[in-house]
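> Just work-v1.csv, nothing more (CSV, C-alpha atoms and all ligand atoms):
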chain,number,residue,atom,x,y,z
Q,19,MET,CA,119.4,-14.7,51.5
Q,20,GLU,CA,117.4,-11.6,50.3
Q,21,HIS,CA,118.7,-8.2,51.3
Q,22,PRO,CA,116.4,-6.7,54.0
Q,23,LEU,CA,116.0,-3.5,52.0
Q,24,GLN,CA,114.8,-5.4,48.9
Q,25,ALA,CA,111.6,-6.4,50.6
Q,26,TRP,CA,111.1,-2.8,51.7
Q,27,ARG,CA,111.6,-1.6,48.1
Q,28,ASP,CA,109.2,-4.2,46.7
Q,29,THR,CA,106.6,-3.0,49.1
Q,30,LEU,CA,106.9,0.6,48.0
Q,31,ASP,CA,106.7,-0.4,44.4
Q,32,GLU,CA,103.5,-2.2,45.0
Q,33,LEU,CA,102.1,0.9,46.7
Q,34,GLY,CA,103.0,3.0,43.6
Q,35,VAL,CA,105.3,5.3,45.5
Q,36,ILE,CA,107.7,7.0,43.2
Q,37,GLY,CA,110.7,9.2,43.8
Q,38,LEU,CA,113.0,6.9,45.3
Q,39,VAL,CA,115.0,6.8,42.1
Q,40,ARG,CA,116.7,10.2,41.5
Q,41,THR,CA,115.8,11.9,38.3
Q,42,PRO,CA,119.0,12.7,36.4
Q,43,VAL,CA,119.7,16.4,36.9
Q,44,GLN,CA,120.6,17.0,33.2
Q,45,ALA,CA,117.2,15.9,32.0
Q,46,ALA,CA,115.5,18.5,34.2
Q,47,GLU,CA,117.8,21.3,33.1
Q,48,ALA,CA,117.3,20.5,29.4
Q,49,GLU,CA,113.6,21.4,29.7
Q,50,PRO,CA,112.8,25.0,28.5
Q,51,PRO,CA,111.6,27.1,31.4
Q,52,ALA,CA,107.8,27.0,31.6
Q,53,PRO,CA,106.3,30.4,30.8
Q,54,SER,CA,105.1,32.1,34.0
Q,55,ARG,CA,101.5,32.6,33.7
Q,56,SER,CA,99.5,34.8,35.9
Q,57,PRO,CA,95.9,33.7,36.2
Q,58,SER,CA,94.7,37.3,35.5
Q,59,VAL,CA,96.6,37.6,32.2
Q,60,ARG,CA,95.2,35.8,29.3
Q,61,PRO,CA,97.2,35.1,26.2
Q,62,THR,CA,96.5,37.5,23.4
Q,63,PRO,CA,94.6,35.7,20.7
Q,64,ALA,CA,96.3,35.7,17.4
Q,65,ARG,CA,95.0,38.5,15.2
Q,66,PRO,CA,93.6,37.5,11.8
Q,67,VAL,CA,96.0,38.5,9.0
Q,68,PRO,CA,94.2,41.2,7.0
Q,69,ALA,CA,93.6,40.3,3.4
Q,70,PRO,CA,95.9,42.3,1.0
Q,71,ALA,CA,94.2,45.5,-0.3
Q,72,PRO,CA,93.1,45.2,-3.9
Q,73,ALA,CA,95.6,46.8,-6.2
Q,74,ALA,CA,94.6,50.4,-7.2
Q,75,LYS,CA,93.4,50.7,-10.7
Q,76,PRO,CA,95.9,52.7,-12.9
Q,77,PRO,CA,94.4,55.9,-14.1
Q,78,LYS,CA,92.9,55.6,-17.6
Q,79,ALA,CA,95.3,56.9,-20.1
Q,80,TYR,CA,94.0,59.9,-22.0
Q,81,VAL,CA,93.6,59.2,-25.7
Q,82,PRO,CA,93.6,62.4,-27.8
Q,83,PRO,CA,91.4,62.6,-30.9
Q,84,THR,CA,93.1,62.1,-34.2
Q,85,ASP,CA,91.2,64.6,-36.3
Q,86,ALA,CA,92.8,67.9,-37.3
Q,87,GLN,CA,90.3,69.9,-35.3
Q,88,GLY,CA,90.9,68.0,-32.0
Q,89,CYS,CA,94.7,67.6,-32.6
Q,90,PRO,CA,95.9,70.2,-35.0
Q,91,PRO,CA,98.9,68.9,-37.0
Q,92,VAL,CA,102.3,70.6,-36.6
Q,93,GLU,CA,102.4,71.6,-40.2
Q,94,VAL,CA,99.0,73.4,-39.9
Q,95,VAL,CA,100.2,75.3,-36.9
Q,96,ALA,CA,103.5,76.2,-38.7
Q,97,ALA,CA,101.6,77.4,-41.8
Q,98,THR,CA,99.6,80.0,-39.9
Q,99,SER,CA,100.7,83.6,-40.6
Q,100,THR,CA,98.7,85.7,-38.2
Q,101,LEU,CA,97.6,85.3,-34.6
Q,102,SER,CA,94.0,85.1,-35.7
Q,103,GLU,CA,94.8,82.2,-38.0
Q,104,LEU,CA,96.7,80.4,-35.3
Q,105,GLN,CA,93.8,80.9,-32.9
Q,106,ALA,CA,91.3,79.5,-35.4
Q,107,ALA,CA,93.6,76.5,-36.0
Q,108,ILE,CA,94.0,75.5,-32.4
Q,109,GLN,CA,91.0,76.7,-30.4
Q,110,GLY,CA,89.2,73.3,-30.7
Q,111,CYS,CA,92.3,71.5,-29.5
Q,112,LEU,CA,91.9,68.4,-27.3
Q,113,ALA,CA,95.4,67.2,-27.6
Q,114,CYS,CA,96.0,66.8,-23.8
Q,115,PRO,CA,93.7,65.9,-20.9
Q,116,LEU,CA,93.1,69.6,-20.0
Q,117,GLY,CA,91.1,70.2,-23.2
Q,118,PRO,CA,87.9,68.3,-22.3
Q,119,GLY,CA,87.7,70.1,-18.9
Q,120,ARG,CA,88.0,73.7,-20.1
Q,121,LEU,CA,85.1,76.2,-20.2
Q,122,LYS,CA,86.9,78.6,-22.5
Q,123,PHE,CA,90.0,78.4,-24.5
Q,124,VAL,CA,92.5,81.1,-23.4
Q,125,PHE,CA,94.6,82.0,-26.4
Q,126,GLY,CA,96.3,85.2,-25.1
Q,127,GLU,CA,95.8,88.8,-25.8
Q,128,GLY,CA,97.5,92.1,-26.4
Q,129,ASN,CA,99.4,94.0,-29.0
Q,130,PRO,CA,100.1,91.5,-31.8
Q,131,LYS,CA,103.4,93.2,-32.4
Q,132,ALA,CA,104.3,93.8,-28.7
Q,133,ARG,CA,108.0,94.3,-27.8
Q,134,LEU,CA,107.3,92.9,-24.4
Q,135,LEU,CA,105.7,89.5,-24.0
Q,136,PHE,CA,104.6,88.1,-20.6
Q,137,VAL,CA,104.2,84.4,-20.2
Q,138,GLY,CA,102.4,82.8,-17.2
Q,139,GLU,CA,101.6,79.2,-16.3
Q,140,GLY,CA,98.0,78.6,-17.3
Q,141,PRO,CA,94.5,79.9,-17.0
Q,142,GLY,CA,92.8,79.9,-13.5
Q,143,ARG,CA,89.1,80.0,-12.6
Q,144,ASP,CA,88.4,83.6,-13.7
Q,145,GLU,CA,90.4,83.1,-16.9
Q,146,ASP,CA,88.6,79.9,-17.8
Q,147,LEU,CA,85.2,81.7,-17.3
Q,148,GLN,CA,86.2,84.7,-19.4
Q,149,GLY,CA,88.5,83.2,-22.0
Q,150,ARG,CA,91.1,85.9,-21.2
Q,151,PRO,CA,94.6,85.6,-19.6
Q,152,PHE,CA,95.4,87.2,-16.2
Q,153,VAL,CA,92.0,88.6,-15.1
Q,154,GLY,CA,91.0,88.4,-11.4
Q,155,LYS,CA,93.3,89.4,-8.6
Q,156,ALA,CA,96.6,88.3,-10.1
Q,157,GLY,CA,95.6,90.0,-13.4
Q,158,GLU,CA,94.9,93.2,-11.6
Q,159,LEU,CA,98.3,93.1,-10.0
Q,160,LEU,CA,99.9,92.3,-13.3
Q,161,ASP,CA,98.2,95.4,-14.8
Q,162,LYS,CA,99.7,97.5,-12.0
Q,163,MET,CA,103.1,96.0,-12.5
Q,164,ILE,CA,102.9,96.8,-16.2
Q,165,GLY,CA,101.7,100.3,-15.3
Q,166,ALA,CA,104.6,100.8,-12.9
Q,167,ILE,CA,107.0,100.6,-15.9
Q,168,GLY,CA,105.1,103.1,-17.9
Q,169,LEU,CA,103.1,100.7,-20.2
Q,170,LYS,CA,99.5,99.7,-20.6
Q,171,ARG,CA,98.2,96.2,-20.8
Q,172,GLU,CA,97.2,96.8,-24.5
Q,173,GLU,CA,100.8,97.6,-25.4
Q,174,VAL,CA,102.2,94.3,-24.3
Q,175,TYR,CA,101.1,90.7,-25.1
Q,176,ILE,CA,100.1,88.2,-22.4
Q,177,ALA,CA,100.0,84.4,-22.8
Q,178,ASN,CA,100.4,81.2,-20.9
Q,179,VAL,CA,102.3,77.9,-21.2
Q,180,VAL,CA,98.9,76.0,-21.5
Q,181,LYS,CA,95.8,77.4,-23.0
Q,182,CYS,CA,93.3,75.4,-21.0
Q,183,ARG,CA,92.7,75.5,-17.2
Q,184,PRO,CA,94.4,72.7,-15.2
Q,185,PRO,CA,91.9,71.3,-12.6
Q,186,ASP,CA,92.1,73.0,-9.2
Q,187,ASN,CA,94.6,75.5,-10.6
Q,188,ARG,CA,97.4,72.9,-10.3
Q,189,THR,CA,100.6,73.2,-12.2
Q,190,PRO,CA,100.4,71.7,-15.7
Q,191,THR,CA,102.2,68.3,-16.0
Q,192,PRO,CA,105.2,68.2,-18.2
Q,193,GLU,CA,103.1,66.2,-20.7
Q,194,GLU,CA,100.4,68.9,-20.8
Q,195,ALA,CA,103.0,71.7,-21.1
Q,196,HIS,CA,104.8,69.8,-23.9
Q,197,ALA,CA,101.5,69.2,-25.8
Q,198,CYS,CA,100.8,72.9,-25.8
Q,199,LEU,CA,104.2,74.4,-26.1
Q,200,GLY,CA,104.3,74.3,-30.0
Q,201,TYR,CA,101.3,76.7,-30.0
Q,202,LEU,CA,103.1,79.2,-27.7
Q,203,ARG,CA,106.3,79.0,-29.7
Q,204,ARG,CA,104.4,79.7,-33.0
Q,205,GLN,CA,102.6,82.5,-31.2
Q,206,ILE,CA,105.9,84.0,-30.1
Q,207,GLU,CA,107.3,83.7,-33.7
Q,208,LEU,CA,104.3,85.6,-35.0
Q,209,ILE,CA,104.5,88.4,-32.4
Q,210,GLY,CA,108.3,88.7,-32.5
Q,211,PRO,CA,108.9,90.3,-29.1
Q,212,SER,CA,112.2,91.9,-28.1
Q,213,VAL,CA,112.0,90.5,-24.6
Q,214,ILE,CA,110.0,87.7,-22.9
Q,215,VAL,CA,109.1,88.1,-19.2
Q,216,THR,CA,108.4,84.7,-17.6
Q,217,LEU,CA,106.1,84.8,-14.6
Q,218,GLY,CA,107.0,82.1,-12.0
Q,219,ALA,CA,108.8,78.8,-12.3
Q,220,THR,CA,106.6,77.0,-14.9
Q,221,PRO,CA,107.2,79.1,-18.0
Q,222,LEU,CA,110.9,79.4,-17.2
Q,223,ARG,CA,111.2,75.6,-17.0
Q,224,GLU,CA,108.9,74.7,-19.9
Q,225,LEU,CA,109.7,77.4,-22.4
Q,226,VAL,CA,113.3,78.3,-21.5
Q,227,GLY,CA,114.5,74.9,-20.0
Q,228,VAL,CA,115.7,76.4,-16.7
Q,229,ALA,CA,114.6,74.3,-13.8
Q,230,GLU,CA,116.2,76.2,-11.0
Q,231,GLY,CA,114.0,77.8,-8.3
Q,232,ILE,CA,112.5,81.1,-9.3
Q,233,THR,CA,113.7,82.8,-6.1
Q,234,ARG,CA,117.3,81.9,-7.1
Q,235,VAL,CA,117.2,83.0,-10.8
Q,236,ARG,CA,114.7,85.9,-10.9
Q,237,GLY,CA,116.3,89.0,-12.3
Q,238,GLN,CA,119.0,87.0,-14.2
Q,239,TRP,CA,118.9,87.3,-18.0
Q,240,LYS,CA,118.3,84.0,-19.9
Q,241,ARG,CA,117.8,83.3,-23.6
Q,242,VAL,CA,115.5,81.1,-25.7
Q,243,ASN,CA,115.8,80.4,-29.4
Q,244,ILE,CA,112.5,80.6,-31.2
Q,245,GLY,CA,112.2,80.5,-34.9
Q,246,GLY,CA,116.0,80.8,-35.3
Q,247,ARG,CA,116.0,84.0,-33.2
Q,248,ASP,CA,117.6,84.3,-29.7
Q,249,ILE,CA,115.2,86.2,-27.5
Q,250,PRO,CA,116.3,87.6,-24.1
Q,251,VAL,CA,114.2,86.3,-21.2
Q,252,MET,CA,113.7,88.0,-17.8
Q,253,PRO,CA,112.4,85.6,-15.1
Q,254,THR,CA,110.4,87.2,-12.3
Q,255,PHE,CA,107.8,86.2,-9.7
Q,256,HIS,CA,104.3,85.2,-10.7
Q,257,PRO,CA,101.7,87.9,-9.6
Q,258,ALA,CA,99.9,85.3,-7.5
Q,259,TYR,CA,103.1,84.8,-5.5
Q,260,VAL,CA,103.5,88.5,-5.1
Q,261,LEU,CA,99.9,88.6,-3.7
Q,262,ARG,CA,100.8,85.9,-1.2
Q,263,GLN,CA,104.2,87.5,-0.2
Q,264,TYR,CA,103.1,91.1,-0.4
Q,265,THR,CA,106.3,92.5,1.1
Q,266,GLN,CA,108.3,95.6,0.0
Q,267,ASP,CA,111.2,93.4,-1.0
Q,268,VAL,CA,109.2,91.1,-3.3
Q,269,ARG,CA,107.4,94.1,-5.0
Q,270,ARG,CA,110.7,95.9,-5.4
Q,271,ALA,CA,112.3,92.8,-6.9
Q,272,VAL,CA,109.5,92.5,-9.5
Q,273,TRP,CA,109.6,96.2,-10.3
Q,274,GLU,CA,113.4,96.0,-10.9
Q,275,ASP,CA,113.0,92.9,-13.2
Q,276,LEU,CA,110.3,94.6,-15.3
Q,277,LYS,CA,112.2,97.8,-15.5
Q,278,ALA,CA,115.3,95.9,-16.8
Q,279,ALA,CA,113.0,94.1,-19.3
Q,280,LYS,CA,111.5,97.4,-20.5
Q,281,GLU,CA,114.9,99.1,-20.8
Q,282,TRP,CA,116.2,96.2,-23.0
Q,283,ALA,CA,113.1,96.3,-25.2
Q,284,ASP,CA,113.5,100.1,-25.6
Q,285,LYS,CA,117.1,99.6,-26.5
Q,286,ALA,CA,116.3,96.9,-29.0
Q,287,ALA,CA,113.8,99.2,-30.6
Q,288,GLY,CA,116.4,102.1,-30.7
Q,289,ALA,CA,114.2,104.2,-28.4
K,1,LIG,S1,96.1,72.8,-22.9
K,1,LIG,FE1,97.0,73.1,-25.0
K,1,LIG,S2,97.4,71.0,-25.8
K,1,LIG,FE2,96.1,70.8,-24.0
K,1,LIG,S3,94.0,70.7,-24.9
K,1,LIG,FE3,94.4,72.9,-24.3
K,1,LIG,S4,95.2,73.8,-26.2
K,1,LIG,FE4,95.3,71.6,-26.5
The structure given in the file should be rewritten as structure tokens.
Ligand code: SF4

Amino acid sequence: MEHPLQAWRDTLDELGVIGLVRTPVQAAEAEPPAPSRSPSVRPTPARPVPAPAPAAKPPKAYVPPTDAQGCPPVEVVAATSTLSELQAAIQGCLACPLGPGRLKFVFGEGNPKARLLFVGEGPGRDEDLQGRPFVGKAGELLDKMIGAIGLKREEVYIANVVKCRPPDNRTPTPEEAHACLGYLRRQIELIGPSVIVTLGATPLRELVGVAEGITRVRGQWKRVNIGGRDIPVMPTFHPAYVLRQYTQDVRRAVWEDLKAAKEWADKAAGA
């Protein structure tokens, strides 16, 4: 005889009623929780992935000319015996990227047998226009600094690490300085100064090989060997720095450095 409940169950099945059979609890718990969605918050649409930026083109390498005028050979520079000969040999130089951009070549000027040689970094705008080193505001101050130790500009020699103006008055790159340094060294050999005063960090680093900050080493004697001769070097601030930091301390420091350089030059000359 059929169980009375079986008939009742068959009836429910026919009606499509579900839920009489318990869903296993584990199955429900295994489902990940449905993300709660607020009807007012829409899912953020996925952003399109930006296309990678095209690789920047490497700057075109500067190719110096190979002729003796554009790139004076070392032996030609070494064979010069006066400053005028040296200037004539190198004034068409295009050996580094600064050459094509210059207005005027700034060789240097002063007493060709000066006991005191000042070396700066490179020509600025005024120097590029006039073809002379240290003109303009920094040059005026350098003249005053030289005057403060009892000398005139014509009695000393003034030159730079590079002879062509770096764009926007930036510091010459080590490659540019290296390309030009042979000219300065020959210039120094021909002048034969007793003392070199380096103005700022660049000539100290490029000519003397001292890379310490100028604030730390100014006023401390260094040496550089040029043409087999050891020349004492006095590092001091660049006049442009003095103009920016026009304090009594800075001006006094420069005056003391120049005074020490002058005393040494006088001593070397037996004055
Ligand atoms: S900076 Fe010196 S090496 Fe460069 S082009 Fe001028 S003279 Fe030649």
> Show which residues sit within 8 Å of region 279-282 of chain Q, as a PyMOL selection string. Count only C-alpha atoms, and ignore same-chain residues fewer than 6 positions away.
chain Q and resi 134+167+212-215+252
> Determine the nearest neighbour of Arg247 (chain Q) from the options Q:Val260, Q:Ala219, Q:Leu208, Q:Ala195, counting all atoms listed in the file.
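Of all the options, Q:Leu208 lies closest to Arg247 (chain Q).
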> What are the nearest atom pairs, with distances in Å to one decimal, for all residues of chain Q that come at most 7 Å from ligand LIG 1 (chain K), using all atoms listed in the file, set out by chain and rising residue number as CSV?

residue,atom,partner,partner_atom,distance
Q:Ile108,CA,K:LIG1,S4,6.5
Q:Gln109,CA,K:LIG1,S4,6.6
Q:Cys111,CA,K:LIG1,FE4,4.2
Q:Leu112,CA,K:LIG1,S3,3.9
Q:Ala113,CA,K:LIG1,FE4,4.5
Q:Cys114,CA,K:LIG1,FE2,4.0
Q:Pro115,CA,K:LIG1,S3,6.3
Q:Leu116,CA,K:LIG1,S3,5.1
Q:Gly117,CA,K:LIG1,S3,3.4
Q:Val180,CA,K:LIG1,S1,4.5
Q:Lys181,CA,K:LIG1,S1,4.6
Q:Cys182,CA,K:LIG1,S1,4.3
Q:Glu194,CA,K:LIG1,FE2,5.7
Q:Ala197,CA,K:LIG1,S2,4.5
Q:Cys198,CA,K:LIG1,FE1,3.9
> Counting only C-alpha atoms, which residue out of Q:Gly168, Q:Glu139, Q:Val242, Q:Glu127 sits closest to Pro192 (chain Q)?
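The shortest atom-to-atom distance to Pro192 (chain Q) comes from Q:Glu139.
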> Taking into account all atoms listed in the file, which residue in the set Q:Arg120, Q:Arg171, Q:Arg236, Q:Arg203 is nearest to Val153 (chain Q)?
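Among the listed residues, Q:Arg171 lies closest to Val153 (chain Q).
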> Mind giving me the axis-aligned box for region 233-236 of chain Q with 4 Å on every side, centre plus edges in Å to one decimal, as JSON?

{"center_x": 115.5, "center_y": 83.9, "center_z": -8.5, "size_x": 11.6, "size_y": 12.0, "size_z": 12.8}
> Rounded to one decimal in Å, what is the spacing between CA of Val124 (chain Q) and CA of Leu147 (chain Q)?
9.5 Å
> To one decimal in Å, tell me the separation between CA of Val95 (chain Q) and CA of Asn178 (chain Q).
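Between these atoms lies a distance of 17.1 Å.
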> Suppose you want the space between CA of Gly200 (chain Q) and CA of Thr233 (chain Q); what is it in Å?
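That distance, rounded to one decimal, is 27.1 Å.
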